[in-house]
>>> print(open('start20.cif').read())   # mmCIF, C-alpha atoms
data_data
loop_
_atom_site.label_atom_id
_atom_site.label_comp_id
_atom_site.auth_asym_id
_atom_site.auth_seq_id
_atom_site.Cartn_x
_atom_site.Cartn_y
_atom_site.Cartn_z
CA MET H 1 68.31 23.78 -61.52
CA ASN H 2 65.13 24.43 -63.52
CA THR H 3 64.04 27.74 -65.02
CA GLN H 4 61.67 28.70 -62.22
CA ARG H 5 64.32 28.24 -59.57
CA LEU H 6 66.86 30.12 -61.65
CA ALA H 7 64.40 32.99 -62.18
CA LEU H 8 63.60 33.17 -58.47
CA LEU H 9 67.29 33.11 -57.58
CA SER H 10 67.97 35.90 -60.08
CA ILE H 11 65.17 38.02 -58.63
CA LEU H 12 66.49 37.47 -55.12
CA THR H 13 69.99 38.46 -56.20
CA ALA H 14 68.73 41.59 -57.96
CA VAL H 15 66.56 42.62 -54.99
CA CYS H 16 69.39 41.91 -52.57
CA LEU H 17 71.94 43.90 -54.56
CA GLY H 18 69.49 46.77 -55.07
CA LEU H 19 68.73 46.96 -51.34
CA GLN H 20 72.39 46.65 -50.43
CA LEU H 21 73.41 49.57 -52.65
CA LEU H 22 70.50 51.76 -51.57
CA PRO H 23 71.57 54.72 -49.40
CA ARG H 24 70.57 53.66 -45.87
CA PRO H 25 71.82 53.84 -42.32
CA MET H 26 74.98 51.75 -41.96
CA ASN H 27 74.39 48.21 -40.67
CA LEU H 28 70.65 48.27 -41.35
CA GLU H 29 70.83 45.78 -44.20
CA PHE H 30 68.77 43.04 -45.84
CA THR H 31 71.56 41.04 -47.46
CA SER H 32 72.09 38.68 -44.56
CA VAL H 33 68.43 37.67 -44.28
CA ILE H 34 68.16 37.19 -48.06
CA SER H 35 71.37 35.11 -48.10
CA PHE H 36 70.05 33.05 -45.22
CA VAL H 37 66.67 32.49 -46.87
CA THR H 38 68.36 31.66 -50.18
CA GLY H 39 70.52 29.14 -48.35
CA MET H 40 67.41 27.61 -46.82
CA VAL H 41 65.51 27.34 -50.11
CA PHE H 42 68.31 26.68 -52.61
CA GLY H 43 70.98 25.14 -50.41
CA SER H 44 74.18 26.30 -48.75
CA PHE H 45 76.11 26.71 -52.01
CA PHE H 46 73.65 29.18 -53.53
CA GLY H 47 73.17 31.00 -50.23
CA ALA H 48 76.91 31.48 -49.98
CA LEU H 49 77.16 32.42 -53.66
CA LEU H 50 74.45 35.06 -53.38
CA GLY H 51 75.77 36.54 -50.15
CA GLY H 52 79.38 36.52 -51.33
CA SER H 53 78.69 37.97 -54.77
CA VAL H 54 76.44 40.73 -53.41
CA MET H 55 79.17 41.71 -50.95
CA LEU H 56 81.75 41.60 -53.73
CA ALA H 57 79.69 44.05 -55.81
CA ASN H 58 78.97 46.12 -52.71
CA GLY H 59 82.69 46.37 -52.01
CA PHE H 60 83.14 48.36 -55.20
CA LEU H 61 79.78 50.12 -55.60
CA SER H 62 78.78 50.91 -52.02
CA PRO H 63 77.78 54.52 -51.29
CA TYR H 64 80.25 54.31 -48.38
CA GLY H 65 83.11 53.77 -50.81
CA PHE H 66 85.52 50.97 -51.63
CA ALA H 67 85.73 48.39 -48.85
CA GLY H 68 89.45 47.76 -49.32
CA VAL H 69 91.10 45.12 -47.20
CA VAL H 70 87.83 44.40 -45.36
CA LEU H 71 86.17 43.19 -48.58
CA PRO H 72 87.31 39.53 -48.46
CA PHE H 73 86.12 39.36 -44.86
CA GLN H 74 82.73 40.79 -45.79
CA ILE H 75 82.40 38.22 -48.57
CA THR H 76 83.40 35.39 -46.22
CA GLY H 77 81.08 36.58 -43.47
CA MET H 78 78.07 36.86 -45.75
CA ALA H 79 78.86 33.52 -47.42
CA LEU H 80 78.87 31.94 -43.96
CA ILE H 81 75.35 33.24 -43.37
CA GLY H 82 74.23 31.66 -46.65
CA VAL H 83 75.86 28.36 -45.65
CA ALA H 84 74.16 28.56 -42.25
CA GLY H 85 70.78 28.97 -44.01
CA GLY H 86 71.38 25.74 -45.92
CA LEU H 87 72.45 23.87 -42.81
CA TYR H 88 69.51 25.18 -40.81
CA SER H 89 67.00 24.06 -43.43
CA LYS H 90 68.34 20.51 -43.04
CA THR H 91 67.50 20.54 -39.33
CA ALA H 92 64.05 22.05 -39.89
CA THR H 93 62.44 19.04 -41.50
CA ASP H 94 58.86 20.16 -40.93
CA LYS H 95 57.15 23.12 -42.63
CA MET H 96 58.36 26.45 -41.29
CA SER H 97 55.92 26.95 -38.45
CA ALA H 98 55.34 29.73 -35.94
CA GLY H 99 57.56 27.84 -33.51
CA ARG H 100 60.53 28.61 -35.75
CA PHE H 101 60.20 32.38 -35.33
CA GLY H 102 62.18 32.35 -32.09
CA GLU H 103 64.84 30.09 -33.58
CA VAL H 104 65.47 32.25 -36.62
CA MET H 105 65.53 35.39 -34.50
CA ILE H 106 68.29 33.93 -32.30
CA LEU H 107 70.07 32.51 -35.32
CA GLY H 108 69.84 35.88 -37.08
CA ALA H 109 71.40 37.62 -34.09
CA PHE H 110 74.12 34.98 -33.73
CA LEU H 111 75.04 34.99 -37.42
CA THR H 112 75.08 38.79 -37.48
CA LEU H 113 77.45 38.81 -34.53
CA ALA H 114 79.62 36.22 -36.27
CA TYR H 115 79.61 38.34 -39.44
CA ASP H 116 80.61 41.43 -37.46
CA VAL H 117 83.44 39.56 -35.74
CA VAL H 118 84.72 38.33 -39.11
CA THR H 119 84.59 41.83 -40.64
CA ASN H 120 86.23 43.28 -37.53
CA VAL H 121 89.09 40.85 -38.09
CA GLY H 122 89.36 42.54 -41.49
CA THR H 123 89.43 45.94 -39.81
CA ALA H 124 92.16 44.64 -37.48
CA VAL H 125 94.19 43.58 -40.53
CA TYR H 126 93.76 47.11 -41.86
CA LEU H 127 94.93 48.58 -38.52
CA ALA H 128 97.70 46.02 -38.06
CA PRO H 129 100.53 48.00 -39.68
CA SER H 130 100.23 50.61 -36.93
CA LEU H 131 99.31 48.27 -34.04
CA PRO H 132 100.20 44.71 -32.98
CA PHE H 133 97.48 42.43 -34.40
CA PRO H 134 95.92 41.29 -31.07
CA GLU H 135 95.68 44.94 -29.98
CA ALA H 136 94.27 45.94 -33.37
CA LEU H 137 91.66 43.21 -33.09
CA ILE H 138 90.58 44.39 -29.63
CA VAL H 139 90.39 47.99 -30.86
CA ALA H 140 88.34 46.93 -33.90
CA LEU H 141 85.95 44.83 -31.80
CA VAL H 142 85.51 47.47 -29.10
CA MET H 143 85.14 50.42 -31.49
CA GLY H 144 82.67 48.41 -33.56
CA ALA H 145 80.61 47.39 -30.53
CA ILE H 146 77.80 49.94 -30.86
CA PRO H 147 77.29 49.56 -34.65
CA SER H 148 77.46 45.81 -34.11
CA ALA H 149 74.85 45.93 -31.33
CA MET H 150 72.54 47.89 -33.65
CA HIS H 151 73.22 45.43 -36.45
CA VAL H 152 72.47 42.45 -34.19
CA ALA H 153 69.26 44.02 -32.87
CA TRP H 154 68.13 44.90 -36.40
CA ASN H 155 68.70 41.38 -37.71
CA PHE H 156 67.18 39.80 -34.62
CA PHE H 157 63.86 41.42 -35.53
CA LEU H 158 64.32 41.25 -39.31
CA PHE H 159 65.04 37.52 -39.32
CA GLY H 160 62.04 36.99 -37.05
CA ALA H 161 59.74 39.04 -39.23
CA VAL H 162 60.91 37.92 -42.68
CA THR H 163 62.41 34.43 -42.68
CA VAL H 164 59.42 32.20 -41.94
CA PRO H 165 56.87 33.91 -44.24
CA LEU H 166 59.44 34.36 -47.03
CA VAL H 167 60.62 30.74 -46.98
CA ASN H 168 57.04 29.48 -46.89
CA ALA H 169 56.03 31.75 -49.79
CA MET H 170 59.05 30.77 -51.88
CA GLN H 171 58.60 27.07 -51.28
CA LYS H 172 54.89 27.33 -52.11
CA THR H 173 55.68 29.19 -55.34
CA LEU H 174 58.29 26.67 -56.39
CA VAL H 175 56.09 23.68 -55.60
CA ARG H 176 53.09 25.21 -57.45
CA ARG H 177 55.11 26.08 -60.52
CA LEU H 178 56.71 22.66 -60.60
CA MET B 179 67.98 16.04 -32.36
CA SER B 180 65.36 15.99 -29.61
CA ILE B 181 63.21 19.05 -28.99
CA GLN B 182 64.81 19.58 -25.58
CA ARG B 183 68.34 19.53 -26.99
CA ARG B 184 67.32 21.79 -29.85
CA THR B 185 65.73 24.28 -27.46
CA MET B 186 68.82 24.13 -25.27
CA LEU B 187 71.04 24.78 -28.30
CA PHE B 188 69.13 27.92 -29.25
CA VAL B 189 69.02 29.14 -25.65
CA ILE B 190 72.82 28.75 -25.53
CA LEU B 191 73.16 30.56 -28.87
CA GLY B 192 70.96 33.40 -27.61
CA LEU B 193 72.91 33.68 -24.36
CA THR B 194 76.17 33.66 -26.31
CA VAL B 195 75.00 36.57 -28.44
CA TRP B 196 73.73 38.42 -25.38
CA SER B 197 76.93 37.97 -23.38
CA ALA B 198 79.21 38.83 -26.31
CA ALA B 199 77.19 41.93 -27.21
CA ALA B 200 77.01 43.03 -23.56
CA THR B 201 80.75 42.49 -23.07
CA LEU B 202 81.66 44.42 -26.21
CA THR B 203 79.26 47.25 -25.36
CA ALA B 204 80.65 47.47 -21.82
CA ALA B 205 84.19 47.49 -23.22
CA TYR B 206 83.21 50.24 -25.63
CA TYR B 207 81.74 52.45 -22.91
CA TYR B 208 84.72 51.77 -20.66
CA SER B 209 87.07 52.87 -23.44
CA GLN B 210 84.94 56.00 -23.89
CA TYR B 211 85.13 56.65 -20.14
CA VAL B 212 88.93 56.31 -20.17
CA GLU B 213 89.21 58.57 -23.22
CA THR B 214 86.88 61.20 -21.76
CA ARG B 215 88.72 61.16 -18.44
CA ARG B 216 92.06 61.61 -20.22
CA THR B 217 90.66 64.49 -22.28
CA PHE B 218 89.24 66.05 -19.12
CA GLN B 219 92.62 65.87 -17.39
CA GLU B 220 94.29 67.46 -20.42
CA LEU B 221 91.72 70.23 -20.59
CA LYS B 222 91.93 70.78 -16.85
CA SER B 223 95.57 71.79 -17.26
CA LEU B 224 94.49 74.30 -19.89
CA VAL B 225 91.98 76.16 -17.73
CA ILE B 226 92.21 78.18 -14.54
CA ASP B 227 89.71 79.36 -11.96
CA VAL B 228 89.35 83.09 -11.38
CA ASN B 229 87.00 85.20 -9.29
CA VAL B 230 85.33 88.27 -10.69
CA LEU B 231 83.53 90.80 -8.51
CA MET B 232 81.10 93.06 -10.36
CA ASN B 233 80.31 96.33 -8.60
CA TYR B 234 77.66 98.40 -10.35
CA GLY B 235 78.15 101.42 -8.08
CA ASN B 236 74.66 101.21 -6.63
CA ASP B 237 75.39 98.74 -3.83
CA THR B 238 74.88 95.88 -6.27
CA GLN B 239 77.82 93.48 -6.08
CA ASP B 240 78.03 90.06 -7.70
CA TRP B 241 80.75 87.48 -7.24
CA HIS B 242 81.38 85.18 -10.14
CA ASN B 243 83.62 82.15 -9.94
CA GLU B 244 84.65 81.52 -13.50
CA THR B 245 86.73 78.96 -15.31
CA VAL B 246 88.72 80.47 -18.15
CA ILE B 247 91.32 79.21 -20.56
CA ALA B 248 94.85 79.61 -19.23
CA GLY B 249 96.35 82.74 -20.74
CA SER B 250 93.05 84.65 -20.65
CA THR B 251 93.10 88.33 -19.77
CA ALA B 252 91.08 90.27 -17.20
CA PHE B 253 88.97 91.55 -20.10
CA GLU B 254 88.22 88.00 -21.28
CA ALA B 255 87.23 87.08 -17.73
CA LEU B 256 84.75 89.96 -17.84
CA LEU B 257 83.33 88.59 -21.09
CA THR B 258 82.71 85.23 -19.42
CA VAL B 259 80.63 87.03 -16.77
CA THR B 260 78.55 89.05 -19.23
CA LYS B 261 78.43 89.46 -22.97
CA ASN B 262 76.72 92.82 -22.61
CA VAL B 263 79.96 94.82 -22.77
CA GLU B 264 80.78 97.82 -24.90
CA TYR B 265 84.35 98.93 -25.31
CA GLN B 266 86.77 100.86 -27.42
CA THR B 267 90.09 99.53 -28.59
CA THR B 268 92.82 102.09 -28.09
CA ALA B 269 96.56 102.11 -28.46
CA TYR B 270 96.83 101.23 -24.75
CA GLY B 271 94.35 98.34 -24.95
CA VAL B 272 90.60 98.03 -24.50
CA PHE B 273 88.67 100.70 -22.66
CA VAL B 274 85.33 99.45 -21.35
CA THR B 275 82.56 102.01 -21.86
CA SER B 276 79.51 100.05 -20.69
CA ILE B 277 78.65 96.87 -18.83
CA ASP B 278 75.12 95.49 -18.66
CA GLY B 279 73.75 98.81 -19.89
CA VAL B 280 75.58 100.89 -17.26
CA LYS B 281 77.51 103.40 -19.35
CA ASN B 282 80.50 105.58 -18.56
CA VAL B 283 79.54 109.21 -17.98
CA ALA B 284 81.89 112.20 -18.36
CA GLU B 285 80.53 114.84 -15.96
CA THR B 286 83.28 117.36 -16.60
CA LEU B 287 86.43 117.34 -18.67
CA THR B 288 88.34 115.70 -15.82
CA SER B 289 85.73 113.81 -13.83
CA GLY B 290 82.85 111.46 -14.20
CA ARG B 291 81.88 107.86 -13.59
CA ALA B 292 83.46 104.96 -15.42
CA TRP B 293 84.15 101.24 -15.32
CA LEU B 294 87.58 100.54 -13.84
CA TRP B 295 89.13 97.26 -12.94
CA TYR B 296 91.33 96.23 -10.00
CA TYR B 297 93.38 93.25 -9.07
CA TRP B 298 93.28 91.68 -5.58
CA ASN B 299 96.77 91.97 -4.10
CA ALA B 300 96.83 89.11 -1.60
CA THR B 301 100.11 90.29 -0.04
CA ALA B 302 98.76 93.77 0.73
CA SER B 303 95.19 92.48 1.19
CA LYS B 304 93.67 95.22 -0.95
CA TRP B 305 92.33 95.90 -4.40
CA THR B 306 95.13 97.31 -6.51
CA ASP B 307 95.07 99.29 -9.71
CA MET B 308 97.29 97.47 -12.20
CA LEU B 309 97.70 100.65 -14.26
CA LYS B 310 97.21 98.74 -17.46
CA ALA B 311 94.34 97.87 -19.75
CA ALA B 312 92.31 94.80 -18.83
CA ASP B 313 93.32 92.99 -22.00
CA ALA B 314 97.00 93.49 -21.14
CA TYR B 315 96.84 91.59 -17.86
CA ILE B 316 97.17 87.79 -18.09
CA LEU B 317 95.29 86.08 -15.29
CA ARG B 318 96.91 83.53 -13.01
CA PRO B 319 95.16 80.63 -11.26
CA ASN B 320 92.78 81.79 -8.51
CA ASP B 321 93.27 85.47 -9.30
CA SER B 322 90.52 87.79 -8.12
CA ILE B 323 89.63 90.90 -10.04
CA THR B 324 86.88 93.45 -9.68
CA TRP B 325 85.11 95.64 -12.16
CA ARG B 326 83.78 98.77 -10.44
CA TYR B 327 81.56 101.52 -11.74
CA GLU B 328 82.94 104.49 -9.80
CA SER B 329 83.69 108.17 -9.82
CA TYR B 330 86.98 109.38 -11.13
CA SER B 331 88.67 112.71 -11.34
CA TYR B 332 91.94 113.88 -12.72
CA SER B 333 93.87 116.97 -11.75
CA PHE B 334 96.50 118.57 -13.88
#
>>> encode(input="start20.cif", output="structure tokens")
Amino acid sequence: MNTQRLALLSILTAVCLGLQLLPRPMNLEFTSVISFVTGMVFGSFFGALLGGSVMLANGFLSPYGFAGVVLPFQITGMALIGVAGGLYSKTATDKMSAGRFGEVMILGAFLTLAYDVVTNVGTAVYLAPSLPFPEALIVALVMGAIPSAMHVAWNFFLFGAVTVPLVNAMQKTLVRRL
Amino acid sequence: MSIQRRTMLFVILGLTVWSAAATLTAAYYYSQYVETRRTFQELKSLVIDVNVLMNYGNDTQDWHNETVIAGSTAFEALLTVTKNVEYQTTAYGVFVTSIDGVKNVAETLTSGRAWLWYYWNATASKWTDMLKAADAYILRPNDSITWRYESYSYSF
């Protein structure tokens, strides 16, 4: 990794962490789209690393308090989004065109849902001492349905609005500097 | 991957998200419905229906069908009908002095017009004086009471 790429990755991490720790409505977040874009530009490993490390810091510094037992699930879920970004960039061989807007919107919604399911498994683990695990999982999924629907809708539009222009701008910057 | 297969893949992904989100949302609202229904049933056992007849002594009579918390008194039933009530608290219980601006009047030492309350005695089919303050009578389900502004007189 050269200096320019390292600098860009550092800026992305700083911006992502800053936005994540900003007081904001729950589930309206930018970390997943930044992890996804980082995965697309820098590869799955760095996408996962950024997403996972931001969620690790968030677990301790979040304005909502310590994440507790859900933290490893948040890290895993966000890392998966970063990995998905890297995998998606391999299938999108051409320049990110307008035709990709729809794809990233759907992918954003799908990955957000997957993230919410993973974190709800964490919530089920938290509830498990007082409920059988399958029941705890159903309770966690059902009780989290409305926040999850808002989260999915938010990322559906955010991925659509941000991913294509951001990836194009980052790739252009890296190519120019190189 | 051909364009058709790629499009199909994303359509399937989109439909998966849609169906999962719709299922979870439906399950959430169903759970809320069940919870609300259970709460309603619990609360229903905590409330009773009572009838309150307001008689202002000028041919104005109003029936009010009220729902009150079980254990409420005749005085509390009055307060559900109108908040415009003035009263004095005495050793025997509350004594209502005014309802909706209609005040008790002492015309002589032993007579006047005042707000009195009666209980409907279904067995005798008549309004009955309970001989106790309104806040000392605990209402039962479907009780009927009346508050009347009427003349009174005492003789010694």
>>> resolve_selection(input="start20.cif", expression="the PyMOL selection byres ((chain H) within 12 of (chain B))", output="PyMOL selection string")
chain H and resi 88+90-93+99-114+116-117+138-153+156
>>> atom_distance(input="start20.cif", atom1="atom CA of Ser331 of chain B", atom2="atom CA of Lys310 of chain B")
17.5 Å
>>> closest_residue(input="start20.cif", among="B:Tyr270, B:Val228, B:Arg326, B:Lys304", to="Thr258 of chain B", atoms="all atoms listed in the file")
B:Val228
>>> atom_distance(input="start20.cif", atom1="atom CA of Arg5 of chain H", atom2="atom CA of Leu174 of chain H")
7.0 Å
>>> resolve_selection(input="start20.cif", expression="the PyMOL selection byres ((chain H and resi 14) around 12)", output="list in words")
Ala7, Leu8, Leu9, Ser10, Ile11, Leu12, Thr13, Val15, Cys16, Leu17, Gly18, Leu19, Gln20, Leu21, Thr31, Ile34, Leu50, Gly51, Ser53, Val54 and Ala57 of chain H
>>> residues_around(input="start20.cif", residues="Arg291 of chain B", least_positions_apart="5", cutoff="10 Å", atoms="only C-alpha atoms", output="list in words")
Gly235, Lys281, Asn282, Val283, Ala284, Glu285, Arg326, Tyr327, Glu328, Ser329, Tyr330 and Ser331 of chain B
>>> atom_distance(input="start20.cif", atom1="atom CA of Gly249 of chain B", atom2="atom CA of Ala312 of chain B")
12.9 Å
>>> resolve_selection(input="start20.cif", expression="the PyMOL selection byres ((chain H and resi 78-86) around 6)", output="list of chain:residue names")
H:Ser35, H:Phe36, H:Gly39, H:Met40, H:Gly43, H:Ser44, H:Gly47, H:Ala48, H:Gly51, H:Gly52, H:Ile75, H:Thr76, H:Gly77, H:Leu87, H:Tyr88, H:Ser89
>>> decode(input="start20.cif", residues="segment 260-282 of chain B", atoms="N, CA and C atoms", output="mmCIF file, in the first residue's frame")
data_model
loop_
_atom_site.group_PDB
_atom_site.id
_atom_site.type_symbol
_atom_site.label_atom_id
_atom_site.label_comp_id
_atom_site.auth_asym_id
_atom_site.auth_seq_id
_atom_site.Cartn_x
_atom_site.Cartn_y
_atom_site.Cartn_z
ATOM 1 N N THR B 260 -68.207 16.117 35.455
ATOM 2 C CA THR B 260 -67.795 17.524 35.365
ATOM 3 C C THR B 260 -66.678 17.809 36.366
ATOM 4 N N LYS B 261 -65.779 18.653 35.927
ATOM 5 C CA LYS B 261 -64.685 19.043 36.834
ATOM 6 C C LYS B 261 -65.061 20.311 37.596
ATOM 7 N N ASN B 262 -66.169 20.912 37.170
ATOM 8 C CA ASN B 262 -66.575 22.181 37.779
ATOM 9 C C ASN B 262 -67.383 21.909 39.052
ATOM 10 N N VAL B 263 -66.700 21.388 40.065
ATOM 11 C CA VAL B 263 -67.350 20.998 41.316
ATOM 12 C C VAL B 263 -66.644 21.682 42.478
ATOM 13 N N GLU B 264 -67.438 22.275 43.345
ATOM 14 C CA GLU B 264 -66.863 22.840 44.576
ATOM 15 C C GLU B 264 -67.393 22.024 45.742
ATOM 16 N N TYR B 265 -66.554 21.807 46.719
ATOM 17 C CA TYR B 265 -66.993 20.970 47.834
ATOM 18 C C TYR B 265 -66.177 21.283 49.089
ATOM 19 N N GLN B 266 -66.722 20.849 50.184
ATOM 20 C CA GLN B 266 -66.014 20.981 51.453
ATOM 21 C C GLN B 266 -65.768 19.575 51.996
ATOM 22 N N THR B 267 -64.609 19.403 52.584
ATOM 23 C CA THR B 267 -64.333 18.105 53.204
ATOM 24 C C THR B 267 -64.643 18.206 54.693
ATOM 25 N N THR B 268 -65.559 17.381 55.133
ATOM 26 C CA THR B 268 -65.955 17.420 56.545
ATOM 27 C C THR B 268 -65.607 16.084 57.200
ATOM 28 N N ALA B 269 -65.893 16.017 58.458
ATOM 29 C CA ALA B 269 -65.613 14.773 59.196
ATOM 30 C C ALA B 269 -66.455 13.618 58.655
ATOM 31 N N TYR B 270 -67.594 13.938 58.035
ATOM 32 C CA TYR B 270 -68.488 12.885 57.520
ATOM 33 C C TYR B 270 -68.198 12.548 56.048
ATOM 34 N N GLY B 271 -67.268 13.294 55.441
ATOM 35 C CA GLY B 271 -66.972 13.087 54.027
ATOM 36 C C GLY B 271 -67.163 14.385 53.265
ATOM 37 N N VAL B 272 -67.146 14.299 51.936
ATOM 38 C CA VAL B 272 -67.249 15.544 51.154
ATOM 39 C C VAL B 272 -68.700 16.028 51.125
ATOM 40 N N PHE B 273 -68.831 17.336 51.120
ATOM 41 C CA PHE B 273 -70.137 17.963 50.988
ATOM 42 C C PHE B 273 -70.049 18.899 49.778
ATOM 43 N N VAL B 274 -70.807 18.532 48.729
ATOM 44 C CA VAL B 274 -70.736 19.297 47.483
ATOM 45 C C VAL B 274 -71.496 20.597 47.659
ATOM 46 N N THR B 275 -70.864 21.707 47.321
ATOM 47 C CA THR B 275 -71.495 23.022 47.490
ATOM 48 C C THR B 275 -71.871 23.677 46.161
ATOM 49 N N SER B 276 -71.296 23.162 45.047
ATOM 50 C CA SER B 276 -71.625 23.761 43.752
ATOM 51 C C SER B 276 -71.236 22.801 42.631
ATOM 52 N N ILE B 277 -72.119 22.726 41.643
ATOM 53 C CA ILE B 277 -71.796 21.935 40.442
ATOM 54 C C ILE B 277 -72.120 22.788 39.226
ATOM 55 N N ASP B 278 -71.158 22.904 38.350
ATOM 56 C CA ASP B 278 -71.322 23.687 37.118
ATOM 57 C C ASP B 278 -71.859 25.098 37.399
ATOM 58 N N GLY B 279 -71.416 25.681 38.480
ATOM 59 C CA GLY B 279 -71.798 27.055 38.806
ATOM 60 C C GLY B 279 -73.114 27.173 39.569
ATOM 61 N N VAL B 280 -73.829 26.061 39.736
ATOM 62 C CA VAL B 280 -75.085 26.088 40.501
ATOM 63 C C VAL B 280 -74.734 25.823 41.960
ATOM 64 N N LYS B 281 -74.891 26.881 42.774
ATOM 65 C CA LYS B 281 -74.397 26.800 44.163
ATOM 66 C C LYS B 281 -75.522 26.482 45.147
ATOM 67 N N ASN B 282 -75.142 25.846 46.236
ATOM 68 C CA ASN B 282 -76.092 25.615 47.328
ATOM 69 C C ASN B 282 -76.519 26.961 47.926
#
